[in-house]
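One structure below.
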Amino acid sequence: MEGSLTARDRVGIQDFVLLDAYTSESAVLDNLRKRFNENLIYTYIGTLLVSVNPYKELGIYTKKQMDIYMGVNFFELPPHIYALADNVYRTMLTETNNHFILISGESGAGKTEASKKILQFYAVSCPSTKLLDNVRDRLLLSNPVLEAFGNAKTLKNDNSSRFGKYMDIQFDHMGGAVGGHILSYLLEKSRVVHQNHGERSFHIFYQLVEGGEEDLLRWLGLERNCQCYSYLVQGECAKVSSVNDKSDWKTVRKALSVIEFSESNIESLFAIIASVLHLGNVTFVADSQGYATLNNSPEIHWLSKLLGIPAQVIQVGLTHRKIEARSEEVLSPFTVDQAVYAKDALAKAIYGRTFTWLVNELNESLANKVSDLFQKTVIGLLDIYGFEVFSVNSFEQFCINYCNEKLQQLFIQLTLKSEQEEYEMEGIEWESVPYFNNKIICDLVEAKFKGIISVLDEECLRPGEATDMTFLEKLEEKMGGHAHFVTHKLADQKTRKTLERGDFRLLHYAGEVTYKIFHLQVMRQSKNAIVKHCFPSTEPDSKKRPETVATQFKSSLVGLTEILMSKEPWYVRCMKPNEGKKPGLFDDVLVRHQVKYLGLMEHLRVRRAGFAYRRRYEIFLQRYKPLCPDTWPNWKGTAAEGVECLVKHLGYKPDEYKMGRTKIFIRHPRTLFATEDAFEVCKHELATRIQAKYKGYRVKGDYMRQRQAATKIETCWRGMKARREREKRAWAVKVIKRFIKGFMTRNQPACVDNTEYLAFVRQNYLTRLKENLPKTVVDKNTWLTPPPIMQEASQMLRKLYTRHMVRRYVQGIMTERKAQLQIKGLTSSIFKGTKENYPHSVGIPFVDTRISKGDLVLQCDYLFEALTKLCLVANKHNFIKVVQGSVKFDIQPGREGFVDFKSGQETMIYRAKNGHLMVVSMKLKTVWPFNSQNEQIHFLNYY
């Protein structure tokens with residue numbers, strides 16, 4: 001209930017029962033429009049929920065929303081589909097009885113979506129175990145499978161259910177979903193072979209062609225193009241922007257796996273769907289006698305393969321009728337028109353029986369597998385066709401509207417019954433409500449021997465040739481003079497202008513509707529598993545009088561009515577605001593029509609016949625007790641006495657309310673609104689007073705607690721600091737004493753007195769050593785001098801660390817560097833101590849490529865590399881001899897020469913005064929830079 005009068009004016013009233021002008025359709029429409037404009041799509045009529053399709057996402061179906069509505073009183077929160085679902089669920093658990101939710105409305109009003117939301121709510125709110133989760137998943141995934149095979153795009157709805165569905169959800173004693181069962185009604189099989197412009201066939205055909213895997217399509221003989229198949233293009237609407245066939249195909253495949261269809265059954269199922277497409281492409285030609293013949297087309301080949309029926313049998317079955325004459329069977333050939341009719345009839349029969357098989361398989365998967373030790377309860381969901389009126393209304397619309405008549409009759413009966421029972425139980429006088437009783441229309445359709453269905457049965461099964469006109473004449477004979485039946489012949493002059501000669505018109509409770517007068521043996525030879533199951537060879541033969549489709553539908557409705565009468569009813573009335581599926585557009589004429597045929601006014605009148613509002617005493621007193629000083633804040637007596645005291649204080653007049661056994665009944669909405677508005681004012685006053693008192697109490701309490709806490713904290717803190725100080729000083733005294741004693745006995749053998757000191761000395765030395773380790777192997781001076789107790793350990797650590805540095809150095813030497821060092825070692829053995837400039841070359845890397853070409857090296861750069869390389873090449877390391885000072889040599893036999901060497905400021909060669917050859921080399925003052933080594937060869941002595 002909206003809180004204030006202002007809110008009610010802006011967003012409307014959330015329960016129609018509380019409307020003052022409840023008898024006015026205009027007031028009902030105005031309230032619906034207000035709520036729709038505020039995106040409030042749900043409204044109550046008592047416990048009946050009215051839902052208006054917004055044609056847009058409102059964000060009101062989240063997990064958070066589900067949690068909000070779980071376990072909450074029905075009228076505590078704004079109207080919602082979750083509120084209804086939760087109330088049904090909790091009532092079922094509390095009273096341990098069975099319930100059903102009837103979801104009705106026009107095509108496109110949101111019935112299927114409402115059913116989905118209820119299932120999703122139960123999936124979240126019910127107890128969860130591994131088994132229950134499995135059942136929940138199957139219940140949820142049965143929807144996309146049924147939608148694929150039973151829904152289609154129509155002019156009014158892109159996902160219209162073309163069959164009626166009743167689903168039982170079975171719960172155990174703890175409220176867990178343990179199983180389910182589905183009943184289907186009147187599948188619109190004619191849609192398989194014909195669609196109006198702008199409509200499509202069933203979704204599964206388009207999903208298979210658009211989303212099927214390449215291997216699957218190849219196996220089925222299909223092409224990925226809907227335009228190739230006659231049955232899919234008659235409505236010229238193969239593509240729909242709001243439908244994603246590829247994505248839906250994946251969902252259906254996943255659902256079939258979760259529901260545990262076997263792979264063989266899935267293959268057979270898709271083979272049948274493909275066979276219907278191939279069957280639609282079969283064409284006939286007339287022979288010389290005018291009879292239908294078949295070419296050896298590829299469609300016959302694929303039909304034979306997919307259905308497992310010999311091609312010859314298919315050809316005969318499509319072009320001939322079997323006639324039984326006494327004990328013989330005679331084949332009578334079809335004309336082309338008859339053959340086309342037979343082909344379409346076969347396609348519809350295949351698809352219709354396959355759909356029935358599919359529902360049965362789903363029921364086997366959903367069957368309760370939990371032990372039957374405890375009682376189980378049921379919540380039924382009835383998603384049934386809405387009342388349909390088209391420009392051309394056929395047999396399907398006749399059956400759909402008949403079904404709505406029956407449900408409307410049931411709705412009125414159950415509503416009156418429940419209302420009557422509540423008043424009687426509470427001891428309140430009941431005022432009779434006038435309402436339109438549509439039993440006269442139901443009898444017109446279903447009465448034995450004289451109803452429309454009976455006449456149709458007679459015409460279909462009587463000997464001779466039955467035609468549309470003979471059926472119409474029989475109807476005029478039986479129904480002539482009926483107030484709700486008219487034909488062109490029976491109508492007055494004015495009405496005849498609106499009726500064709502082959503039409504008849506019924507005046508339904510929802511308005512006038514004009515209606516147009518509306519190959520089994522072959523399938524028994526199939527090898528397809530599903531086809532064999534759908535067309536068993538043991539079916540009754542044609543000698544037994546079969547039931548017509550209309551009679552079968554009538555019988556199924558009788559069974560449905562019995563099921564519903566055994567359960568407690570709840571209602572969801574779905575409405576669409578406009579025909580264009582546009583958000584924000586509210587068509588008054590369209591909505592007014594739906595308000596009429598959905599029976600909202602009748603239901604509202606029934607709910608308002610006695611009293612507009614009723615609540616249990618406990619709930620009413622709990623909400624409004626602040627309005628009376630005697631009942632606030634607590635009432636000591638019974639709830640009924642408290643309510644009596646409260647309403648007297650509020651000034652209720654005797655004719656404004658009645659006290660029942662457990663509830664108070666308020667006659668007029670204005671009385672309740674006045675009470676509600678007074679409660680809104682009282683709430684603000686109470687809130688102010690409560691806030692003032694509570695704030696003072698809280699502040700005073702906080703101050704006292706803070707004061708006590710501060711005192712306690714101070715005491716504890718001071719004591720803790722004193723104890724810590726004492727403990728620290730005692731610890732310090734002990735440590736210092738131990739340290740001094742250890743220092744004094746440091747040179748003695750280890751004992752109790754010096755153990756800690758010596759440990760400190762070791763730790764201190766190791767800590768300092770860690771920060772002062774040598775960086776290279778040649779560093780001999782960095783190692784710290786150890787204390788006496790660490791002498792031996794220091795030596796071991798020094799050796800270990802030296803080995804560690806050597807190991808790291810060796811591991812870091814690359815192959816190239818290793819070769820250089822080896823050659824450097826050879827150079828060292830040759831020149832160490834014999835050459836003046838050798839020490840300067842030690843730090844320069846040895847390079848292999850520094851030798852010039854030539855047999856005799858007289859002068860070169862990089863002397864040591866060159867000579868070392870010569871030794872390596874000759875493999876004789878002692879060929880080189882370095883001579884210092886003078887060199888004597890024989891110029892010729894008997895004549896000697898001398899060469900003297902010395903260092904000077906510059907390099908030169910000249911004859912000295914003593915006649916010797918003087919060689920002066922420049923004295924090196926610094927270490928040569930890399931690649932700048934330059935020295936003359938003094939002498940090479942070859943041994």
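Ligands are numbered from 1 in the order shown, residues from 1 within each chain, and chains are lettered A, B, ... in the order they appear in the structure tokens.
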- Message: Would you pick out the contacts of Asn159 in chain A at 10 Å or less, using only C-alpha atoms, so that residues sharing its chain but fewer than 3 positions from it are not included, and give the list as a list in words?
- Response: Ser107, Gly108, Gly110, Thr112, Glu113, Glu147, Ala148, Gly150, Asn151, Ala152, Lys153, Thr154, Lys156, Arg162, Phe202, His203, Ser242 and Val243 of chain A
Preceding selection exported with all heavy atoms as a compact mmCIF listing (two decimals), in the first residue's frame:
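Result file out24.txt:
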```txt
# COMPACT_ATOMS: atom_id res chain seq x y z
N SER A 107 -1.89 -13.18 -26.59
CA SER A 107 -0.57 -13.48 -27.12
C SER A 107 0.28 -12.21 -27.11
O SER A 107 -0.13 -11.18 -27.63
CB SER A 107 -0.68 -14.03 -28.55
OG SER A 107 0.58 -14.30 -29.08
N GLY A 108 1.48 -12.31 -26.50
CA GLY A 108 2.35 -11.14 -26.40
C GLY A 108 2.19 -10.38 -25.10
O GLY A 108 2.86 -9.37 -24.89
N GLY A 110 2.94 -11.55 -22.12
CA GLY A 110 4.00 -11.89 -21.17
C GLY A 110 3.71 -13.12 -20.33
O GLY A 110 4.32 -13.30 -19.27
N THR A 112 4.41 -16.40 -20.97
CA THR A 112 5.55 -17.30 -20.91
C THR A 112 6.64 -16.74 -20.01
O THR A 112 7.27 -17.47 -19.23
CB THR A 112 6.11 -17.54 -22.33
OG1 THR A 112 5.08 -18.10 -23.14
CG2 THR A 112 7.29 -18.49 -22.28
N GLU A 113 6.89 -15.42 -20.08
CA GLU A 113 7.91 -14.80 -19.23
C GLU A 113 7.51 -14.88 -17.77
O GLU A 113 8.36 -15.11 -16.90
CB GLU A 113 8.11 -13.34 -19.64
CG GLU A 113 8.86 -13.17 -20.94
CD GLU A 113 10.25 -13.79 -20.90
OE1 GLU A 113 10.97 -13.58 -19.91
OE2 GLU A 113 10.61 -14.52 -21.84
N GLU A 147 9.89 -24.33 -25.73
CA GLU A 147 9.76 -23.12 -26.54
C GLU A 147 10.25 -23.36 -27.96
O GLU A 147 9.65 -22.88 -28.92
CB GLU A 147 10.54 -21.97 -25.89
CG GLU A 147 9.86 -21.39 -24.67
CD GLU A 147 10.61 -20.18 -24.14
OE1 GLU A 147 11.50 -19.69 -24.85
OE2 GLU A 147 10.28 -19.73 -23.03
N ALA A 148 11.35 -24.10 -28.10
CA ALA A 148 11.89 -24.35 -29.44
C ALA A 148 10.91 -25.13 -30.29
O ALA A 148 10.71 -24.84 -31.48
CB ALA A 148 13.22 -25.10 -29.33
N GLY A 150 7.54 -25.66 -29.52
CA GLY A 150 6.13 -25.27 -29.41
C GLY A 150 5.85 -23.80 -29.57
O GLY A 150 4.68 -23.40 -29.55
N ASN A 151 6.89 -22.97 -29.71
CA ASN A 151 6.69 -21.53 -29.85
C ASN A 151 7.05 -21.07 -31.26
O ASN A 151 7.86 -21.71 -31.94
CB ASN A 151 7.52 -20.75 -28.83
CG ASN A 151 7.00 -20.91 -27.42
OD1 ASN A 151 6.31 -21.87 -27.11
ND2 ASN A 151 7.34 -19.98 -26.55
N ALA A 152 6.49 -19.94 -31.65
CA ALA A 152 6.74 -19.40 -32.99
C ALA A 152 6.54 -17.90 -32.98
O ALA A 152 5.95 -17.33 -32.06
CB ALA A 152 5.81 -20.06 -34.02
N LYS A 153 7.06 -17.27 -34.03
CA LYS A 153 6.87 -15.84 -34.22
C LYS A 153 5.51 -15.61 -34.88
O LYS A 153 5.22 -16.17 -35.94
CB LYS A 153 7.99 -15.29 -35.09
CG LYS A 153 8.11 -13.77 -35.09
CD LYS A 153 7.29 -13.11 -36.16
CE LYS A 153 7.50 -11.59 -36.16
NZ LYS A 153 6.54 -10.88 -36.98
N THR A 154 4.66 -14.80 -34.22
CA THR A 154 3.36 -14.44 -34.79
C THR A 154 3.32 -12.93 -34.98
O THR A 154 4.26 -12.21 -34.64
CB THR A 154 2.21 -14.88 -33.88
OG1 THR A 154 2.27 -14.13 -32.65
CG2 THR A 154 2.29 -16.36 -33.57
N LYS A 156 1.60 -10.93 -33.34
CA LYS A 156 1.46 -10.26 -32.06
C LYS A 156 2.62 -10.50 -31.11
O LYS A 156 2.77 -9.78 -30.13
CB LYS A 156 0.16 -10.73 -31.38
CG LYS A 156 -1.10 -10.33 -32.14
CD LYS A 156 -2.35 -10.71 -31.35
CE LYS A 156 -3.60 -10.23 -32.06
NZ LYS A 156 -4.83 -10.53 -31.29
N ARG A 162 2.44 -21.69 -29.01
CA ARG A 162 1.39 -22.20 -29.88
C ARG A 162 0.83 -23.52 -29.35
O ARG A 162 0.40 -24.37 -30.11
CB ARG A 162 1.89 -22.36 -31.31
CG ARG A 162 2.53 -21.13 -31.92
CD ARG A 162 1.76 -19.86 -31.62
NE ARG A 162 0.39 -19.86 -32.10
CZ ARG A 162 -0.55 -19.03 -31.68
NH1 ARG A 162 -0.29 -18.18 -30.70
NH2 ARG A 162 -1.74 -19.09 -32.19
N PHE A 202 7.56 -23.11 -36.32
CA PHE A 202 8.12 -23.29 -34.98
C PHE A 202 9.63 -23.00 -35.00
O PHE A 202 10.34 -23.26 -35.97
CB PHE A 202 7.85 -24.71 -34.49
CG PHE A 202 6.39 -24.98 -34.28
CD1 PHE A 202 5.65 -25.71 -35.22
CD2 PHE A 202 5.73 -24.50 -33.17
CE1 PHE A 202 4.30 -25.94 -35.05
CE2 PHE A 202 4.38 -24.73 -32.98
CZ PHE A 202 3.65 -25.45 -33.93
N HIS A 203 10.13 -22.48 -33.87
CA HIS A 203 11.52 -22.02 -33.78
C HIS A 203 12.53 -23.10 -34.17
O HIS A 203 13.58 -22.80 -34.75
CB HIS A 203 11.83 -21.55 -32.35
CG HIS A 203 11.11 -20.33 -31.94
ND1 HIS A 203 10.85 -19.29 -32.79
CD2 HIS A 203 10.60 -19.96 -30.72
CE1 HIS A 203 10.19 -18.33 -32.14
NE2 HIS A 203 10.03 -18.71 -30.89
N SER A 242 14.66 -9.84 -33.18
CA SER A 242 14.68 -10.08 -31.73
C SER A 242 14.98 -11.53 -31.37
O SER A 242 15.04 -11.86 -30.18
CB SER A 242 13.32 -9.69 -31.14
OG SER A 242 12.29 -10.50 -31.66
N VAL A 243 15.16 -12.39 -32.36
CA VAL A 243 15.40 -13.82 -32.10
C VAL A 243 16.77 -14.19 -32.66
O VAL A 243 17.07 -13.93 -33.83
CB VAL A 243 14.32 -14.70 -32.76
CG1 VAL A 243 14.62 -16.17 -32.52
CG2 VAL A 243 12.94 -14.34 -32.20
```
- Write out as a list in words the residues lying within 10 Å of Met744 in chain A, counting only C-alpha atoms and excluding same-chain residues fewer than 4 positions away. Arg738, Phe739, Ile740, Gln748, Asp753, Asn754 and Tyr757 of chain A
- Task: Would you list, as a list in words, the residues of range 510-685 of chain A that end up in strand (DSSP E or B) under DSSP run on this structure's backbone?
- Result: Gly511, Glu512, Val513, Thr514, Tyr515, Lys516, Glu568, Pro569, Trp570, Tyr571, Val572, Arg573, Cys574, Met575, Tyr613, Arg614, Arg615, Arg616, Tyr657, Lys658, Met659, Lys663, Ile664, Phe665 and Ile666 of chain A
Please dump the current selection as a tab-separated table (two decimals), in the first residue's frame; keep N, CA, C and O atoms.
```tsv
chain	number	residue	atom	x	y	z
A	511	GLY	N	-16.39	-10.95	-26.33
A	511	GLY	CA	-16.75	-10.25	-27.55
A	511	GLY	C	-17.11	-11.19	-28.68
A	511	GLY	O	-17.05	-12.43	-28.54
A	512	GLU	N	-17.51	-10.64	-29.82
A	512	GLU	CA	-17.92	-11.44	-30.96
A	512	GLU	C	-16.71	-11.90	-31.77
A	512	GLU	O	-15.75	-11.15	-31.97
A	513	VAL	N	-16.76	-13.17	-32.23
A	513	VAL	CA	-15.69	-13.72	-33.06
A	513	VAL	C	-16.34	-14.46	-34.23
A	513	VAL	O	-17.24	-15.29	-34.02
A	514	THR	N	-15.88	-14.16	-35.44
A	514	THR	CA	-16.40	-14.81	-36.64
A	514	THR	C	-15.42	-15.89	-37.09
A	514	THR	O	-14.23	-15.63	-37.25
A	515	TYR	N	-15.93	-17.13	-37.30
A	515	TYR	CA	-15.09	-18.27	-37.65
A	515	TYR	C	-15.38	-18.74	-39.07
A	515	TYR	O	-16.53	-18.75	-39.52
A	516	LYS	N	-14.34	-19.16	-39.75
A	516	LYS	CA	-14.47	-19.84	-41.04
A	516	LYS	C	-14.86	-21.30	-40.78
A	516	LYS	O	-14.35	-21.93	-39.86
A	568	GLU	N	-5.86	-25.32	-4.84
A	568	GLU	CA	-6.19	-23.95	-4.47
A	568	GLU	C	-5.72	-23.01	-5.59
A	568	GLU	O	-4.58	-23.10	-6.04
A	569	PRO	N	-6.59	-22.09	-6.04
A	569	PRO	CA	-6.23	-21.26	-7.21
A	569	PRO	C	-5.53	-19.96	-6.85
A	569	PRO	O	-5.80	-19.34	-5.82
A	570	TRP	N	-4.62	-19.55	-7.72
A	570	TRP	CA	-3.98	-18.22	-7.71
A	570	TRP	C	-3.94	-17.76	-9.16
A	570	TRP	O	-3.82	-18.58	-10.06
A	571	TYR	N	-4.03	-16.45	-9.37
A	571	TYR	CA	-4.19	-15.97	-10.73
A	571	TYR	C	-3.17	-14.89	-11.07
A	571	TYR	O	-2.86	-14.01	-10.24
A	572	VAL	N	-2.66	-14.97	-12.30
A	572	VAL	CA	-1.86	-13.89	-12.89
A	572	VAL	C	-2.52	-13.53	-14.21
A	572	VAL	O	-2.62	-14.36	-15.11
A	573	ARG	N	-2.99	-12.29	-14.31
A	573	ARG	CA	-3.62	-11.80	-15.53
A	573	ARG	C	-2.62	-10.91	-16.27
A	573	ARG	O	-2.25	-9.83	-15.78
A	574	CYS	N	-2.16	-11.38	-17.42
A	574	CYS	CA	-1.17	-10.64	-18.21
A	574	CYS	C	-1.86	-9.80	-19.27
A	574	CYS	O	-2.78	-10.28	-19.95
A	575	MET	N	-1.40	-8.56	-19.41
A	575	MET	CA	-2.00	-7.65	-20.38
A	575	MET	C	-0.89	-6.98	-21.19
A	575	MET	O	0.23	-6.83	-20.72
A	613	TYR	N	-11.54	-4.43	2.37
A	613	TYR	CA	-10.25	-4.72	3.01
A	613	TYR	C	-10.49	-5.70	4.16
A	613	TYR	O	-11.47	-5.60	4.89
A	614	ARG	N	-9.61	-6.64	4.29
A	614	ARG	CA	-9.67	-7.58	5.42
A	614	ARG	C	-8.26	-7.93	5.84
A	614	ARG	O	-7.38	-8.11	5.01
A	615	ARG	N	-8.04	-8.00	7.15
A	615	ARG	CA	-6.73	-8.38	7.68
A	615	ARG	C	-6.92	-9.12	9.00
A	615	ARG	O	-7.88	-8.87	9.75
A	616	ARG	N	-5.98	-10.00	9.27
A	616	ARG	CA	-6.00	-10.68	10.56
A	616	ARG	C	-5.80	-9.66	11.66
A	616	ARG	O	-5.09	-8.66	11.50
A	657	TYR	N	-17.43	-1.27	9.32
A	657	TYR	CA	-16.56	-2.41	9.57
A	657	TYR	C	-17.35	-3.53	10.24
A	657	TYR	O	-18.45	-3.33	10.76
A	658	LYS	N	-16.78	-4.72	10.16
A	658	LYS	CA	-17.32	-5.89	10.85
A	658	LYS	C	-16.16	-6.64	11.48
A	658	LYS	O	-15.08	-6.71	10.91
A	659	MET	N	-16.45	-7.22	12.63
A	659	MET	CA	-15.44	-8.03	13.33
A	659	MET	C	-15.74	-9.50	13.07
A	659	MET	O	-16.78	-10.02	13.50
A	663	LYS	N	-10.51	-11.98	11.64
A	663	LYS	CA	-10.14	-10.82	10.84
A	663	LYS	C	-11.09	-9.67	11.08
A	663	LYS	O	-12.24	-9.85	11.48
A	664	ILE	N	-10.59	-8.47	10.78
A	664	ILE	CA	-11.45	-7.29	10.72
A	664	ILE	C	-11.74	-7.02	9.25
A	664	ILE	O	-10.86	-7.10	8.39
A	665	PHE	N	-13.01	-6.69	8.93
A	665	PHE	CA	-13.44	-6.39	7.57
A	665	PHE	C	-13.84	-4.93	7.50
A	665	PHE	O	-14.69	-4.47	8.28
A	666	ILE	N	-13.23	-4.18	6.58
A	666	ILE	CA	-13.52	-2.76	6.40
A	666	ILE	C	-14.25	-2.60	5.08
A	666	ILE	O	-13.77	-3.05	4.03
```
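CA of Arg670 in chain A to CA of Tyr44 in chain A spans 17.7 Å [interatomic distance, one decimal].
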- Task: Apply DSSP to the backbone of this structure and, from range 716-836 of chain A, keep only the residues in alpha helix (DSSP H); write these as a count of residues only.
- Result: 84
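Of the residues listed (A:Asp287, A:Glu57, A:Glu361, A:Glu267), A:Asp287 shows the shortest atom-to-atom separation from Val336 in chain A; distances use only C-alpha atoms.
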- Choose the residue, out of A:Gly580, A:Gly843, A:Gly812, A:Gly386, that has the smallest atom-to-atom separation from Gln408 in chain A; count only C-alpha atoms.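 Under the stated criterion, the closest residue is A:Gly386.
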